[in-house]
Amino acid sequence: MGVRSLSSTVNEATFQTRPYKLHKLDTPPKSEVVVTRDDAIHYYREMQVIRRLETAAGNLYKEKIVRGFCHLYTGQEACAVGMHAAMDKDDGLITSYRCHGWTYLLGSTVVEVISELSGKISGNVYGKGGSMHMYERTFFGGNGIVGAQQALGAGVAFAHKYNGKKNVCFTLYGDGAANQGQLFECTNMAKLWNVPVIFVCENNGYGMGTAANRASADTNYYTRGDFVPGIWVDAMDVISVREAVQYCRDYANAGKGPLMLELATYRFVGHSMSDPGTGYRTREEVQEARKTRDPIHGFKDKIIAANLVTEAELKDIDKSVRKEVDDAVMHAHQDGVLPWEGLYTDLYHNTPPQFIRGCITEESIVQPYTNSSELVKKLGLKPKTYSA
Amino acid sequence: MALLLRKLCPTGNVASLRASSHFVFSPSKADPSLGETTKLNLYQSINNAMHTALETDPTACVFGEDIAFGGVFRCSLGLQDKFGKDRVFNTPLCEQGIAGFAIGLAAAGSTAIAEIQFGDYIFPAYDQIVNEAAKYRYRSGGQFNSGKLTIRATWGAVGHGALYHSQSPEANFTHTPGLKVVIPRGPIQAKGLLLACIEDPDPCIFFEPKVLYRAAVEDVPVGKYTLPIGKAEIVKPGKDATLLAWGTQLHVVLEVANIAKEKLGIDAEVIDLQSIAPWDVDTVANSVVKTGRLLVSHEAPLTSGFAAEVAATIQRECFLNLEAPIARVCGWDTPFPHVFEPVYLPTKWRVLDQLKQLVEF
């Protein structure tokens, strides 16, 4: 990433993963793994981008540039970055609304993510979706109704298998949504038909304002698949997550069927921007987590101690990340929104022309565009495309 | 044409369009015979109603997602402390489970007050409500019923809710015989109607306009009172046209009626439907007989919205009295949008424009 390799750093180091817990599996993921210098720098940078991106989103929300509902990933960065590190570029992924970090990792730029949050035309989906509805080539969203995405993920995975691809689909949900009936339904289908779907429960301890043990009769989410084997991972460690996911891919691609992963993590912020996060847990608990379990600081200490990087290099990365995010925020402030004709685009494959009243009667028109990319092209902008 | 639209609504204005509210709340006055009143907003009056229900009915239970600490909108504040964890409790995140559980509880003889946190999330529970709750009495020849069930759900646009925090799903339920659907316009109606729903021997769905939770403040009677389900209310009498709406939209059409009176000399009659299923055909029909013109307005999309049902019935009842076709000013036929909310909503300008055309027909 343009960081000079100093002669005193090493090119790779060996780390221990944090202990896993297994359900109906005999062998755990690797306990000793090699991390290269490039990987270390890459993971650190990606976690920092997500951290800064979410902080910027929070600030924009307070400025009312971002409206509606905004759910931040702060504290959970190791889940996304660790998973992504082991994913193949054609693996599918679907999650619920804590999705800004994933959108970035799976191909969108920071500008696209922040613009989408702000409802601007340079957004990932032109501002039509907002915080909870961002998409990428292999990223099926961003979903508002938790539980719905669980079955969708199983379907995507089935498509991979049906088309003969050695790819899996990761379907993410939280400890709250783990109690949705739909999960039970699609877990059964996945096991029955040997579908290469990895169910991933990001257990951050709270379903919005309800502690996990007050919503779930059994909080061992990695065992809740019953006939689907599972693994519990300490997801504050990005390397542990990476290895667990690698294991899952190998397992599913070997034709053994689905697995259920529980990523034990913690969110430092409230459920959403409308939630201060202290109504149902103590300030001390949150501060303790920030001090002792921060995934970014934990990783930073590890890689510096292993001599993979120097403190100065990481500081440079921090600076460049800050600039990237600040530039994106400025862009979002200045950009415009999709014109009103966008109200009617993307309804159907061929949305028939609707009669639209403008702000005043004289500006009534017949809707000329079927989809948003046509509209965007007419404005002289480039529509969103997915790079293969 | 596209450029013209864009120019007239440039970037800066969009943010302010989204920030300002599309309605002005008009407080109502309670019937003086109900006695002493106190100032309450919508969430407080609903809280008060549930307090009363739990106090007077020992079988009553209140449950839903996150309601124990008071709920995301504060409607259940203090209830668990006062009535205990076995009567006021949190459910896991499972709407279908919540609805089914509530139906069972009601069928076994307990009063069940279930909350669905956002009306947009009611769809996993749709099967339970439509296929179980609504049909229980019918399919058992009257031996069983889930009448002691009341489902409360938040409802309607809030200014920035986007696709999944703004929906008005009432028409999905009015289409199912066996259910009652009620939507209040303010704190006084909310307390009376909610208590009526809880006591009603049929399953009721009570939609609460979330944007009014804090914005709507009225002098609410402190004692227990109910308002009849199935009765509409003439909020402002008039003679030139009938404006019919419910929930938040009632305040929009009320403002339109005032503007129309002042600027256009049109004296419109404003009716709050309140009870959507069953609905008060007589009050609306009698009004249309008098005025000859009807405009119905709701936030939900136009096609198959409840205005369609009203229009179909009134054109049959009042065909020879109508001076103009019945007008419907509703949300457009799109999913509730993200940035386009200001143009999606049936704002006062769209309603006023249609009222003008109605009168000039």
# chains A, B, ... in the order shown; residues from 1 in each chain; ligands from 1
$ residues_around --residues "Asp38 of chain A" --least-positions-apart "5" --cutoff "9 Å" --atoms "only C-alpha atoms" --output "list in words"
Met1, Asn11, Glu12, Tyr43 and Leu308 of chain A
$ write_last_selection --atoms "C-alpha atoms" --output "compact mmCIF listing (two decimals), in the first residue's frame"
# COMPACT_ATOMS: atom_id res chain seq x y z
CA MET A 1 0.00 0.00 0.00
CA ASN A 11 8.00 -10.53 6.05
CA GLU A 12 5.86 -12.97 7.93
CA TYR A 43 -6.17 -5.99 7.40
CA LEU A 308 5.66 -7.12 10.92
$ closest_atom_pairs --of "chain A" --to "chain B" --cutoff "7 Å" --atoms "only C-alpha atoms" --output "Markdown table"
| residue | atom | partner | partner_atom | distance |
| --- | --- | --- | --- | --- |
| A:Arg67 | CA | B:His160 | CA | 5.8 |
| A:Gly68 | CA | B:His160 | CA | 4.5 |
| A:Gly119 | CA | B:Val339 | CA | 6.0 |
| A:Gly127 | CA | B:Val339 | CA | 6.9 |
| A:Lys128 | CA | B:His338 | CA | 5.7 |
| A:Gly129 | CA | B:His338 | CA | 6.1 |
| A:Gly130 | CA | B:His338 | CA | 6.5 |
| A:Gly144 | CA | B:Tyr164 | CA | 6.4 |
| A:Ile145 | CA | B:Tyr121 | CA | 6.7 |
| A:Gly176 | CA | B:Leu93 | CA | 5.6 |
| A:Ala177 | CA | B:Leu93 | CA | 5.9 |
| A:Asn179 | CA | B:Leu93 | CA | 6.1 |
| A:Gln180 | CA | B:Cys94 | CA | 5.1 |
| A:Gly209 | CA | B:Asp66 | CA | 6.1 |
| A:Thr210 | CA | B:Asp66 | CA | 6.2 |
| A:Ala215 | CA | B:Pro92 | CA | 4.6 |
| A:Ser216 | CA | B:Pro92 | CA | 6.9 |
| A:Gly336 | CA | B:Thr11 | CA | 5.2 |
| A:Val337 | CA | B:Thr11 | CA | 6.6 |
| A:Pro339 | CA | B:Arg6 | CA | 5.7 |
| A:Trp340 | CA | B:Phe340 | CA | 6.7 |
| A:Leu343 | CA | B:Phe340 | CA | 6.1 |
| A:Tyr344 | CA | B:Thr334 | CA | 6.7 |
| A:Leu347 | CA | B:Thr334 | CA | 6.9 |
$ select_by_dssp --residues "segment 167-385 of chain A" --states "strand (DSSP E)" --output "PDB file with N, CA, C and O atoms, in the first residue's frame"
ATOM      1  N   CYS A 169     -22.016 -19.069  -0.045  1.00  0.00           N
ATOM      2  CA  CYS A 169     -22.645 -17.799   0.294  1.00  0.00           C
ATOM      3  C   CYS A 169     -22.646 -17.682   1.812  1.00  0.00           C
ATOM      4  O   CYS A 169     -22.996 -18.628   2.516  1.00  0.00           O
ATOM      5  N   PHE A 170     -22.227 -16.524   2.305  1.00  0.00           N
ATOM      6  CA  PHE A 170     -22.244 -16.257   3.732  1.00  0.00           C
ATOM      7  C   PHE A 170     -23.508 -15.474   4.041  1.00  0.00           C
ATOM      8  O   PHE A 170     -23.727 -14.407   3.474  1.00  0.00           O
ATOM      9  N   THR A 171     -24.339 -15.999   4.926  1.00  0.00           N
ATOM     10  CA  THR A 171     -25.543 -15.252   5.275  1.00  0.00           C
ATOM     11  C   THR A 171     -25.454 -14.851   6.747  1.00  0.00           C
ATOM     12  O   THR A 171     -25.390 -15.685   7.634  1.00  0.00           O
ATOM     13  N   LEU A 172     -25.381 -13.531   6.982  1.00  0.00           N
ATOM     14  CA  LEU A 172     -25.112 -12.980   8.309  1.00  0.00           C
ATOM     15  C   LEU A 172     -26.383 -12.509   8.983  1.00  0.00           C
ATOM     16  O   LEU A 172     -27.286 -11.979   8.343  1.00  0.00           O
ATOM     17  N   TYR A 173     -26.411 -12.706  10.290  1.00  0.00           N
ATOM     18  CA  TYR A 173     -27.531 -12.212  11.072  1.00  0.00           C
ATOM     19  C   TYR A 173     -27.032 -12.017  12.493  1.00  0.00           C
ATOM     20  O   TYR A 173     -25.934 -12.455  12.836  1.00  0.00           O
ATOM     21  N   GLY A 174     -27.840 -11.364  13.325  1.00  0.00           N
ATOM     22  CA  GLY A 174     -27.401 -11.082  14.687  1.00  0.00           C
ATOM     23  C   GLY A 174     -28.008 -12.042  15.699  1.00  0.00           C
ATOM     24  O   GLY A 174     -28.789 -12.924  15.360  1.00  0.00           O
ATOM     25  N   VAL A 197     -23.970 -23.084   2.132  1.00  0.00           N
ATOM     26  CA  VAL A 197     -24.216 -21.795   2.762  1.00  0.00           C
ATOM     27  C   VAL A 197     -23.580 -21.799   4.143  1.00  0.00           C
ATOM     28  O   VAL A 197     -23.623 -22.813   4.840  1.00  0.00           O
ATOM     29  N   ILE A 198     -22.952 -20.703   4.514  1.00  0.00           N
ATOM     30  CA  ILE A 198     -22.384 -20.582   5.848  1.00  0.00           C
ATOM     31  C   ILE A 198     -23.257 -19.593   6.609  1.00  0.00           C
ATOM     32  O   ILE A 198     -23.309 -18.405   6.278  1.00  0.00           O
ATOM     33  N   PHE A 199     -23.963 -20.076   7.624  1.00  0.00           N
ATOM     34  CA  PHE A 199     -24.774 -19.204   8.462  1.00  0.00           C
ATOM     35  C   PHE A 199     -23.847 -18.550   9.475  1.00  0.00           C
ATOM     36  O   PHE A 199     -23.147 -19.231  10.211  1.00  0.00           O
ATOM     37  N   VAL A 200     -23.834 -17.220   9.500  1.00  0.00           N
ATOM     38  CA  VAL A 200     -22.914 -16.525  10.392  1.00  0.00           C
ATOM     39  C   VAL A 200     -23.702 -15.655  11.362  1.00  0.00           C
ATOM     40  O   VAL A 200     -24.321 -14.672  10.957  1.00  0.00           O
ATOM     41  N   CYS A 201     -23.662 -16.012  12.635  1.00  0.00           N
ATOM     42  CA  CYS A 201     -24.345 -15.203  13.638  1.00  0.00           C
ATOM     43  C   CYS A 201     -23.331 -14.242  14.250  1.00  0.00           C
ATOM     44  O   CYS A 201     -22.381 -14.674  14.908  1.00  0.00           O
ATOM     45  N   GLU A 202     -23.501 -12.938  14.004  1.00  0.00           N
ATOM     46  CA  GLU A 202     -22.614 -11.957  14.618  1.00  0.00           C
ATOM     47  C   GLU A 202     -23.225 -11.631  15.981  1.00  0.00           C
ATOM     48  O   GLU A 202     -24.114 -10.790  16.097  1.00  0.00           O
ATOM     49  N   ASN A 203     -22.796 -12.344  16.992  1.00  0.00           N
ATOM     50  CA  ASN A 203     -23.368 -12.180  18.316  1.00  0.00           C
ATOM     51  C   ASN A 203     -22.656 -11.054  19.052  1.00  0.00           C
ATOM     52  O   ASN A 203     -21.556 -11.237  19.564  1.00  0.00           O
ATOM     53  N   TYR A 206     -26.361  -8.165  22.193  1.00  0.00           N
ATOM     54  CA  TYR A 206     -27.617  -7.439  22.361  1.00  0.00           C
ATOM     55  C   TYR A 206     -28.419  -7.415  21.068  1.00  0.00           C
ATOM     56  O   TYR A 206     -27.878  -7.094  20.007  1.00  0.00           O
ATOM     57  N   GLY A 207     -29.703  -7.775  21.179  1.00  0.00           N
ATOM     58  CA  GLY A 207     -30.603  -7.607  20.044  1.00  0.00           C
ATOM     59  C   GLY A 207     -31.248  -6.254  20.252  1.00  0.00           C
ATOM     60  O   GLY A 207     -32.237  -6.161  20.970  1.00  0.00           O
ATOM     61  N   THR A 210     -32.187  -5.617  23.919  1.00  0.00           N
ATOM     62  CA  THR A 210     -32.439  -6.808  24.728  1.00  0.00           C
ATOM     63  C   THR A 210     -31.206  -7.697  24.752  1.00  0.00           C
ATOM     64  O   THR A 210     -30.700  -8.109  23.716  1.00  0.00           O
ATOM     65  N   ALA A 211     -30.730  -7.990  25.962  1.00  0.00           N
ATOM     66  CA  ALA A 211     -29.546  -8.832  26.090  1.00  0.00           C
ATOM     67  C   ALA A 211     -29.837 -10.217  25.538  1.00  0.00           C
ATOM     68  O   ALA A 211     -30.951 -10.732  25.663  1.00  0.00           O
ATOM     69  N   GLY A 230     -21.259 -26.557  13.845  1.00  0.00           N
ATOM     70  CA  GLY A 230     -20.971 -25.148  14.063  1.00  0.00           C
ATOM     71  C   GLY A 230     -19.650 -24.890  14.754  1.00  0.00           C
ATOM     72  O   GLY A 230     -19.046 -25.792  15.346  1.00  0.00           O
ATOM     73  N   ILE A 231     -19.219 -23.636  14.655  1.00  0.00           N
ATOM     74  CA  ILE A 231     -17.963 -23.214  15.285  1.00  0.00           C
ATOM     75  C   ILE A 231     -18.185 -21.869  15.966  1.00  0.00           C
ATOM     76  O   ILE A 231     -18.774 -20.955  15.381  1.00  0.00           O
ATOM     77  N   TRP A 232     -17.683 -21.751  17.211  1.00  0.00           N
ATOM     78  CA  TRP A 232     -17.709 -20.470  17.915  1.00  0.00           C
ATOM     79  C   TRP A 232     -16.331 -19.842  17.771  1.00  0.00           C
ATOM     80  O   TRP A 232     -15.306 -20.497  17.967  1.00  0.00           O
ATOM     81  N   VAL A 233     -16.318 -18.533  17.437  1.00  0.00           N
ATOM     82  CA  VAL A 233     -15.049 -17.841  17.200  1.00  0.00           C
ATOM     83  C   VAL A 233     -14.985 -16.584  18.060  1.00  0.00           C
ATOM     84  O   VAL A 233     -15.962 -15.851  18.158  1.00  0.00           O
ATOM     85  N   ASP A 234     -13.832 -16.331  18.677  1.00  0.00           N
ATOM     86  CA  ASP A 234     -13.633 -15.050  19.352  1.00  0.00           C
ATOM     87  C   ASP A 234     -13.354 -14.023  18.255  1.00  0.00           C
ATOM     88  O   ASP A 234     -12.233 -13.923  17.732  1.00  0.00           O
ATOM     89  N   LEU A 259     -22.559 -24.893   7.319  1.00  0.00           N
ATOM     90  CA  LEU A 259     -21.997 -24.772   8.659  1.00  0.00           C
ATOM     91  C   LEU A 259     -22.593 -23.536   9.313  1.00  0.00           C
ATOM     92  O   LEU A 259     -23.035 -22.613   8.630  1.00  0.00           O
ATOM     93  N   MET A 260     -22.579 -23.528  10.640  1.00  0.00           N
ATOM     94  CA  MET A 260     -23.086 -22.351  11.351  1.00  0.00           C
ATOM     95  C   MET A 260     -21.957 -21.768  12.184  1.00  0.00           C
ATOM     96  O   MET A 260     -21.407 -22.422  13.066  1.00  0.00           O
ATOM     97  N   LEU A 261     -21.604 -20.515  11.897  1.00  0.00           N
ATOM     98  CA  LEU A 261     -20.495 -19.848  12.574  1.00  0.00           C
ATOM     99  C   LEU A 261     -21.070 -18.852  13.568  1.00  0.00           C
ATOM    100  O   LEU A 261     -22.016 -18.138  13.240  1.00  0.00           O
ATOM    101  N   GLU A 262     -20.532 -18.816  14.785  1.00  0.00           N
ATOM    102  CA  GLU A 262     -20.931 -17.748  15.701  1.00  0.00           C
ATOM    103  C   GLU A 262     -19.718 -16.874  15.939  1.00  0.00           C
ATOM    104  O   GLU A 262     -18.687 -17.345  16.437  1.00  0.00           O
ATOM    105  N   LEU A 263     -19.823 -15.598  15.567  1.00  0.00           N
ATOM    106  CA  LEU A 263     -18.720 -14.666  15.781  1.00  0.00           C
ATOM    107  C   LEU A 263     -19.042 -13.864  17.042  1.00  0.00           C
ATOM    108  O   LEU A 263     -19.931 -13.023  17.042  1.00  0.00           O
ATOM    109  N   ALA A 264     -18.317 -14.162  18.124  1.00  0.00           N
ATOM    110  CA  ALA A 264     -18.558 -13.445  19.378  1.00  0.00           C
ATOM    111  C   ALA A 264     -17.862 -12.102  19.300  1.00  0.00           C
ATOM    112  O   ALA A 264     -16.640 -12.021  19.288  1.00  0.00           O
ATOM    113  N   PHE A 355     -47.902   8.949 -14.984  1.00  0.00           N
ATOM    114  CA  PHE A 355     -48.140  10.394 -15.032  1.00  0.00           C
ATOM    115  C   PHE A 355     -47.735  10.950 -13.674  1.00  0.00           C
ATOM    116  O   PHE A 355     -48.290  10.563 -12.668  1.00  0.00           O
ATOM    117  N   ILE A 356     -46.728  11.800 -13.657  1.00  0.00           N
ATOM    118  CA  ILE A 356     -46.241  12.316 -12.379  1.00  0.00           C
ATOM    119  C   ILE A 356     -46.543  13.790 -12.264  1.00  0.00           C
ATOM    120  O   ILE A 356     -46.188  14.574 -13.145  1.00  0.00           O
ATOM    121  N   ILE A 365     -45.479  15.593 -15.683  1.00  0.00           N
ATOM    122  CA  ILE A 365     -44.880  14.961 -16.868  1.00  0.00           C
ATOM    123  C   ILE A 365     -45.274  13.489 -16.906  1.00  0.00           C
ATOM    124  O   ILE A 365     -45.782  12.959 -15.925  1.00  0.00           O
ATOM    125  N   VAL A 366     -44.980  12.873 -18.024  1.00  0.00           N
ATOM    126  CA  VAL A 366     -45.103  11.417 -18.103  1.00  0.00           C
ATOM    127  C   VAL A 366     -43.710  10.854 -17.864  1.00  0.00           C
ATOM    128  O   VAL A 366     -42.740  11.242 -18.515  1.00  0.00           O
TER     129      VAL A 366
END
$ closest_residue --among "A:Thr74, A:Thr187, A:Gln354, A:Gly298" --to "Val286 of chain A" --atoms "only C-alpha atoms"
A:Thr74
$ closest_atom_pairs --of "segment 191-278 of chain B" --to "segment 289-313 of chain B" --cutoff "6 Å" --atoms "only C-alpha atoms" --output "Markdown table"
| residue | atom | partner | partner_atom | distance |
| --- | --- | --- | --- | --- |
| B:Lys239 | CA | B:Thr291 | CA | 5.1 |
| B:Asp240 | CA | B:Thr291 | CA | 5.0 |
| B:Ala241 | CA | B:Arg293 | CA | 4.7 |
| B:Thr242 | CA | B:Leu294 | CA | 4.8 |
| B:Leu243 | CA | B:Leu295 | CA | 5.0 |
| B:Leu244 | CA | B:Val296 | CA | 4.7 |
| B:Ala245 | CA | B:Ser297 | CA | 5.3 |
$ write_last_selection --atoms "C-alpha atoms" --output "compact mmCIF listing (two decimals), in the first residue's frame"
# COMPACT_ATOMS: atom_id res chain seq x y z
CA LYS B 239 -71.01 22.29 2.83
CA ASP B 240 -69.00 22.51 -0.39
CA ALA B 241 -67.00 19.29 -0.35
CA THR B 242 -66.17 16.35 1.93
CA LEU B 243 -62.56 15.64 2.83
CA LEU B 244 -61.98 12.20 4.36
CA ALA B 245 -58.74 11.03 5.95
$ residues_around --residues "Leu314 of chain A" --least-positions-apart "4" --cutoff "9 Å" --atoms "only C-alpha atoms" --output "short mmCIF file (atom, residue, chain, number, x, y, z; two decimals) with N, CA, C and O atoms, in the first residue's frame"
data_model
loop_
_atom_site.label_atom_id
_atom_site.label_comp_id
_atom_site.auth_asym_id
_atom_site.auth_seq_id
_atom_site.Cartn_x
_atom_site.Cartn_y
_atom_site.Cartn_z
N ILE A 41 -0.71 -5.40 7.04
CA ILE A 41 -0.95 -4.00 6.67
C ILE A 41 -2.35 -3.86 6.07
O ILE A 41 -3.09 -2.94 6.40
N TYR A 44 -5.15 -4.27 8.74
CA TYR A 44 -5.17 -3.09 9.61
C TYR A 44 -5.84 -1.92 8.91
O TYR A 44 -6.71 -1.25 9.46
N ARG A 45 -5.42 -1.69 7.66
CA ARG A 45 -5.98 -0.56 6.92
C ARG A 45 -7.49 -0.71 6.74
O ARG A 45 -8.26 0.22 6.94
N LYS A 300 -3.20 -4.28 16.20
CA LYS A 300 -2.05 -3.36 16.08
C LYS A 300 -0.94 -3.81 17.02
O LYS A 300 0.23 -3.94 16.62
N VAL A 309 5.32 -4.77 11.27
CA VAL A 309 5.21 -3.36 10.87
C VAL A 309 5.78 -2.50 11.99
O VAL A 309 6.01 -2.97 13.10
N THR A 310 5.99 -1.24 11.67
CA THR A 310 6.42 -0.32 12.72
C THR A 310 5.27 0.62 13.06
O THR A 310 4.34 0.79 12.26
N ASP A 318 -3.01 5.46 9.16
CA ASP A 318 -4.10 6.19 9.82
C ASP A 318 -4.34 7.53 9.12
O ASP A 318 -5.48 7.92 8.87
N LYS A 319 -3.24 8.20 8.81
CA LYS A 319 -3.36 9.52 8.15
C LYS A 319 -4.04 9.39 6.79
O LYS A 319 -4.92 10.18 6.45
#
$ residues_around --residues "Val156 of chain A" --least-positions-apart "6" --cutoff "10 Å" --atoms "only C-alpha atoms" --output "ChimeraX atom specification"
/A:91-94,138,140,162,168-171,195-197
$ closest_residue --among "B:Leu40, B:Pro27, B:Pro237, B:Phe73" --to "Asp275 of chain A" --atoms "only C-alpha atoms"
B:Phe73
$ residues_around --residues "segment 172-180 of chain B" --least-positions-apart "4" --cutoff "9 Å" --atoms "only C-alpha atoms" --output "list in words"
Tyr126, Ile129, Val130, Asn131, Ala133, Ala134, Lys135, Tyr136, Arg137, Tyr138, Cys197, Asp202, Pro203, Cys204, Ile205, Phe206, Ile229, Gly230, Ser275, Ile276, Ala277, Pro278, Ser304, Gly305 and Phe306 of chain B
$ write_last_selection --atoms "N, CA and C atoms" --output "mmCIF file, in the first residue's frame"
data_model
loop_
_atom_site.group_PDB
_atom_site.id
_atom_site.type_symbol
_atom_site.label_atom_id
_atom_site.label_comp_id
_atom_site.auth_asym_id
_atom_site.auth_seq_id
_atom_site.Cartn_x
_atom_site.Cartn_y
_atom_site.Cartn_z
ATOM 1 N N TYR B 126 -48.253 -11.761 9.209
ATOM 2 C CA TYR B 126 -49.451 -11.623 8.384
ATOM 3 C C TYR B 126 -50.263 -12.907 8.317
ATOM 4 N N ILE B 129 -52.188 -13.396 11.550
ATOM 5 C CA ILE B 129 -53.292 -12.446 11.717
ATOM 6 C C ILE B 129 -54.430 -12.772 10.758
ATOM 7 N N VAL B 130 -54.095 -12.993 9.502
ATOM 8 C CA VAL B 130 -55.118 -13.182 8.475
ATOM 9 C C VAL B 130 -55.719 -14.583 8.510
ATOM 10 N N ASN B 131 -54.888 -15.584 8.693
ATOM 11 C CA ASN B 131 -55.386 -16.954 8.623
ATOM 12 C C ASN B 131 -55.810 -17.534 9.954
ATOM 13 N N ALA B 133 -56.080 -15.467 13.430
ATOM 14 C CA ALA B 133 -56.887 -14.556 14.250
ATOM 15 C C ALA B 133 -58.233 -14.238 13.606
ATOM 16 N N ALA B 134 -58.199 -13.882 12.322
ATOM 17 C CA ALA B 134 -59.420 -13.418 11.661
ATOM 18 C C ALA B 134 -60.455 -14.527 11.475
ATOM 19 N N LYS B 135 -60.007 -15.744 11.359
ATOM 20 C CA LYS B 135 -60.921 -16.824 10.968
ATOM 21 C C LYS B 135 -61.284 -17.778 12.093
ATOM 22 N N TYR B 136 -60.750 -17.529 13.242
ATOM 23 C CA TYR B 136 -60.944 -18.448 14.363
ATOM 24 C C TYR B 136 -62.426 -18.624 14.686
ATOM 25 N N ARG B 137 -63.138 -17.502 14.815
ATOM 26 C CA ARG B 137 -64.547 -17.563 15.204
ATOM 27 C C ARG B 137 -65.371 -18.239 14.103
ATOM 28 N N TYR B 138 -65.066 -17.875 12.890
ATOM 29 C CA TYR B 138 -65.844 -18.372 11.753
ATOM 30 C C TYR B 138 -65.693 -19.874 11.576
ATOM 31 N N CYS B 197 -60.659 -1.017 21.697
ATOM 32 C CA CYS B 197 -60.116 -2.184 20.991
ATOM 33 C C CYS B 197 -59.792 -3.302 21.962
ATOM 34 N N ASP B 202 -63.643 -8.731 19.371
ATOM 35 C CA ASP B 202 -63.087 -9.218 18.105
ATOM 36 C C ASP B 202 -61.617 -8.807 18.032
ATOM 37 N N PRO B 203 -60.781 -9.529 17.256
ATOM 38 C CA PRO B 203 -59.363 -9.151 17.159
ATOM 39 C C PRO B 203 -59.218 -7.789 16.471
ATOM 40 N N CYS B 204 -58.469 -6.882 17.094
ATOM 41 C CA CYS B 204 -58.299 -5.528 16.554
ATOM 42 C C CYS B 204 -56.832 -5.224 16.280
ATOM 43 N N ILE B 205 -56.610 -4.446 15.220
ATOM 44 C CA ILE B 205 -55.265 -3.948 14.956
ATOM 45 C C ILE B 205 -55.314 -2.436 15.129
ATOM 46 N N PHE B 206 -54.472 -1.914 15.996
ATOM 47 C CA PHE B 206 -54.480 -0.501 16.331
ATOM 48 C C PHE B 206 -53.188 0.109 15.810
ATOM 49 N N ILE B 229 -65.957 2.013 18.261
ATOM 50 C CA ILE B 229 -65.320 1.557 17.019
ATOM 51 C C ILE B 229 -66.411 1.507 15.961
ATOM 52 N N GLY B 230 -66.087 1.948 14.752
ATOM 53 C CA GLY B 230 -67.083 1.917 13.688
ATOM 54 C C GLY B 230 -67.760 3.261 13.482
ATOM 55 N N SER B 275 -62.122 4.584 12.347
ATOM 56 C CA SER B 275 -62.286 3.137 12.303
ATOM 57 C C SER B 275 -62.295 2.749 10.825
ATOM 58 N N ILE B 276 -61.275 2.029 10.383
ATOM 59 C CA ILE B 276 -61.152 1.722 8.964
ATOM 60 C C ILE B 276 -61.922 0.444 8.631
ATOM 61 N N ALA B 277 -61.860 -0.507 9.546
ATOM 62 C CA ALA B 277 -62.697 -1.690 9.380
ATOM 63 C C ALA B 277 -63.285 -1.996 10.752
ATOM 64 N N PRO B 278 -64.577 -1.941 11.008
ATOM 65 C CA PRO B 278 -65.613 -1.507 10.084
ATOM 66 C C PRO B 278 -65.623 0.009 9.913
ATOM 67 N N SER B 304 -55.467 -0.005 -4.713
ATOM 68 C CA SER B 304 -55.983 -0.858 -3.642
ATOM 69 C C SER B 304 -55.798 -0.286 -2.245
ATOM 70 N N GLY B 305 -55.549 1.006 -2.147
ATOM 71 C CA GLY B 305 -55.538 1.646 -0.828
ATOM 72 C C GLY B 305 -56.961 1.739 -0.336
ATOM 73 N N PHE B 306 -57.179 2.089 0.932
ATOM 74 C CA PHE B 306 -58.545 2.061 1.442
ATOM 75 C C PHE B 306 -59.456 3.089 0.777
#
$ atom_distance --atom1 "atom CA of Ile113 of chain B" --atom2 "atom CA of Pro169 of chain B"
18.9 Å
$ select_by_dssp --residues "segment 216-276 of chain B" --states "helix (DSSP H, G or I)" --output "number ranges by chain"
B: 248-264
$ residues_around --residues "Ala57 of chain A" --least-positions-apart "5" --cutoff "12 Å" --atoms "only C-alpha atoms" --output "JSON, numbers by chain"
{"A": [49, 50, 51, 52, 62, 63, 64, 65, 66, 67, 69, 70, 71, 72, 73, 74, 100, 101, 110, 111, 113, 114, 115, 116, 117, 118, 130, 131, 272, 273, 325, 326, 328, 329, 332, 333]}
$ residues_around --residues "Pro29 of chain A" --least-positions-apart "3" --cutoff "10 Å" --atoms "only C-alpha atoms" --output "PyMOL selection string"
chain A and resi 17+19-22+32-33+231+233+240-248
$ atom_distance --atom1 "atom CA of Ala153 of chain B" --atom2 "atom CA of Lys236 of chain B"
27.8 Å
$ closest_residue --among "B:Val253, B:Leu273, B:Val281, B:Met50" --to "Leu355 of chain B" --atoms "only C-alpha atoms"
B:Val253
